[in-house]
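Peer 1: Take this structure first; my questions come after.
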Amino acid sequence: MKKVIIYTDGACSGNPGDGGWGAILVYGKHEKEISGFERETTNNRMELTAAIEALKLLKEPCEVELYSDSAYLVNAFEQNWVNNWKANGWKTKGKDEVKNIDLWKELDRFCGIHRIKWIKVKGHSDNEYNNRCDKLATDEIKKNRQVV
């Protein structure tokens, strides 16, 4: 099984507001940077979207190390929130529908294809790849900002 390392980050100008996401996939000596933009979104949606868009690029089942500075994303898998939500019909302990359910379901689907290890990194610190992902995400916002 191929091993791929993925770094992701999401950003939002206002929450909700214009959002950007960035990801870097590393396979052996190869690196691929991707990024995107959405209007009227949230920071959490951008964090999840970055992971989804990176995982979409994998053409076969892989062993994945996915690094994110989003505790929301990493804890949902590492602390079994996603499995609990699924068992409860995608409801929280308080019986509310899980926020960003569409994105969580997509991420859960990828967990059925790939062996993903979710790793929390400290944001805006000395992790070169995380900083590059942050720049990809924020550059998307700057590039797409509407002039008012």
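How things are named: the first chain in the structure tokens is A, the next is B, and so on; residues count from 1 in each chain; ligands count from 1 in the order shown.
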For stretch 8-21 of chain A, work out the shell of residues within 10 Å, counting only C-alpha atoms and skipping chain neighbours fewer than 3 positions away, then give it as an mmCIF file with C-alpha atoms, in the first residue's frame.
Peer 2:
```cif
data_model
loop_
_atom_site.group_PDB
_atom_site.id
_atom_site.type_symbol
_atom_site.label_atom_id
_atom_site.label_comp_id
_atom_site.auth_asym_id
_atom_site.auth_seq_id
_atom_site.Cartn_x
_atom_site.Cartn_y
_atom_site.Cartn_z
ATOM 1 C CA ILE A 24 0.042 19.597 -0.010
ATOM 2 C CA LEU A 25 0.360 15.936 -0.927
ATOM 3 C CA GLU A 33 -0.027 21.739 -3.980
ATOM 4 C CA ILE A 34 -3.754 22.373 -4.390
ATOM 5 C CA SER A 35 -6.033 25.145 -3.173
ATOM 6 C CA GLY A 36 -9.508 26.555 -3.612
ATOM 7 C CA PHE A 37 -11.988 29.222 -2.609
ATOM 8 C CA GLU A 38 -15.611 29.479 -1.463
ATOM 9 C CA ARG A 39 -17.821 32.443 -0.679
ATOM 10 C CA GLU A 40 -19.913 32.644 2.490
ATOM 11 C CA THR A 41 -18.412 29.701 4.289
ATOM 12 C CA THR A 42 -16.853 28.973 7.664
ATOM 13 C CA ASN A 43 -13.353 28.210 8.843
ATOM 14 C CA ASN A 44 -14.401 24.689 9.875
ATOM 15 C CA ARG A 45 -15.864 23.975 6.430
ATOM 16 C CA MET A 46 -12.598 25.082 4.830
ATOM 17 C CA GLU A 47 -10.560 22.834 7.139
ATOM 18 C CA LEU A 48 -12.706 19.839 6.181
ATOM 19 C CA THR A 49 -12.757 20.760 2.488
ATOM 20 C CA ALA A 50 -8.948 20.884 2.354
ATOM 21 C CA ALA A 51 -8.777 17.282 3.596
ATOM 22 C CA ILE A 52 -11.520 16.118 1.208
ATOM 23 C CA GLU A 53 -9.966 17.735 -1.861
ATOM 24 C CA ALA A 54 -6.567 16.206 -1.068
ATOM 25 C CA LEU A 66 -2.943 13.640 7.318
ATOM 26 C CA TYR A 67 -1.609 16.649 9.224
ATOM 27 C CA SER A 68 -3.928 19.492 10.187
ATOM 28 C CA ASP A 69 -3.904 22.315 12.707
ATOM 29 C CA SER A 70 -7.681 21.871 13.104
ATOM 30 C CA GLY A 123 -0.864 26.129 13.683
ATOM 31 C CA TYR A 129 4.197 22.432 5.250
ATOM 32 C CA ASN A 130 1.461 23.738 7.539
ATOM 33 C CA ASN A 131 2.673 27.286 6.952
ATOM 34 C CA ARG A 132 2.641 26.700 3.177
ATOM 35 C CA CYS A 133 -0.925 25.367 3.387
ATOM 36 C CA ASP A 134 -1.951 28.419 5.396
ATOM 37 C CA LYS A 135 -0.451 30.651 2.701
ATOM 38 C CA LEU A 136 -2.247 28.703 -0.056
ATOM 39 C CA ALA A 137 -5.552 29.164 1.787
ATOM 40 C CA THR A 138 -5.113 32.854 2.583
ATOM 41 C CA ASP A 139 -3.809 33.595 -0.935
ATOM 42 C CA GLU A 140 -7.037 32.132 -2.347
ATOM 43 C CA ILE A 141 -9.041 34.588 -0.243
ATOM 44 C CA LYS A 142 -6.887 37.528 -1.360
ATOM 45 C CA LYS A 143 -7.033 36.460 -5.008
ATOM 46 C CA ASN A 144 -10.828 36.081 -4.988
ATOM 47 C CA ARG A 145 -11.783 38.980 -2.735
ATOM 48 C CA GLN A 146 -14.439 41.103 -4.375
#
```
Peer 1: Please extract the residues of chain A with a backbone DSSP assignment of alpha helix (DSSP H) and present them as a ChimeraX atom specification.
Peer 2: /A:43-56,71-78,81-87,101-111,128-144
Peer 1: Could you tell me which of A:Lys59, A:Phe77, A:Gly22, A:Tyr27 comes closest to A:Cys111 if we count only C-alpha atoms?
Peer 2: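 Once distances to A:Cys111 are computed over only C-alpha atoms, the minimum belongs to A:Phe77.
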Peer 1: Give me the residues near A:Glu63 as a PyMOL selection string, where near means some atom within 8 Å (using only C-alpha atoms) and where sequence neighbours in that chain fewer than 4 positions away do not count.
Peer 2: chain A and resi 1-4+114-116
Peer 1: Could you please write out, as a count of residues only, every residue of stretch 86-129 of chain A that DSSP assigns to strand (DSSP E)?
Peer 2: 6
Peer 1: Measure the distance from atom CA of A:Glu78 to atom CA of A:Val64 in Å and round it to one decimal.
Peer 2: 14.1 Å
Peer 1: If I take atom CA of A:Val74 and atom CA of A:Lys93, how far is one from the other in Å, to one decimal?
Peer 2: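 Answer for the atom CA of A:Val74 to atom CA of A:Lys93 separation: 18.7 Å.
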Peer 1: What's the separation between atom CA of A:Ile119 and atom CA of A:Ile6, in Å to one decimal place?
Peer 2: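 These atoms are spaced 10.0 Å apart.
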Peer 1: Considering only C-alpha atoms, state which residue in the set A:Ala23, A:Asp108, A:Asn83, A:Gly94 is at the smallest distance from A:Leu57.
Peer 2: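 With only C-alpha atoms as the atom set, the closest residue is A:Ala23.
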Peer 1: For a quick check of understanding, using only C-alpha atoms, which of A:Asp126, A:Lys95, A:Val82, A:Trp118 has the smallest distance to A:Tyr7?
Peer 2: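 Distance minimum relative to A:Tyr7 lands on A:Trp118.
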Peer 1: Which residue gives the smallest distance to A:Tyr72 among A:Lys120, A:Lys56, A:Lys105, A:Asn84, with only C-alpha atoms counted?
Peer 2: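 Among A:Lys120, A:Lys56, A:Lys105, A:Asn84, it is A:Lys120 that comes nearest to A:Tyr72.
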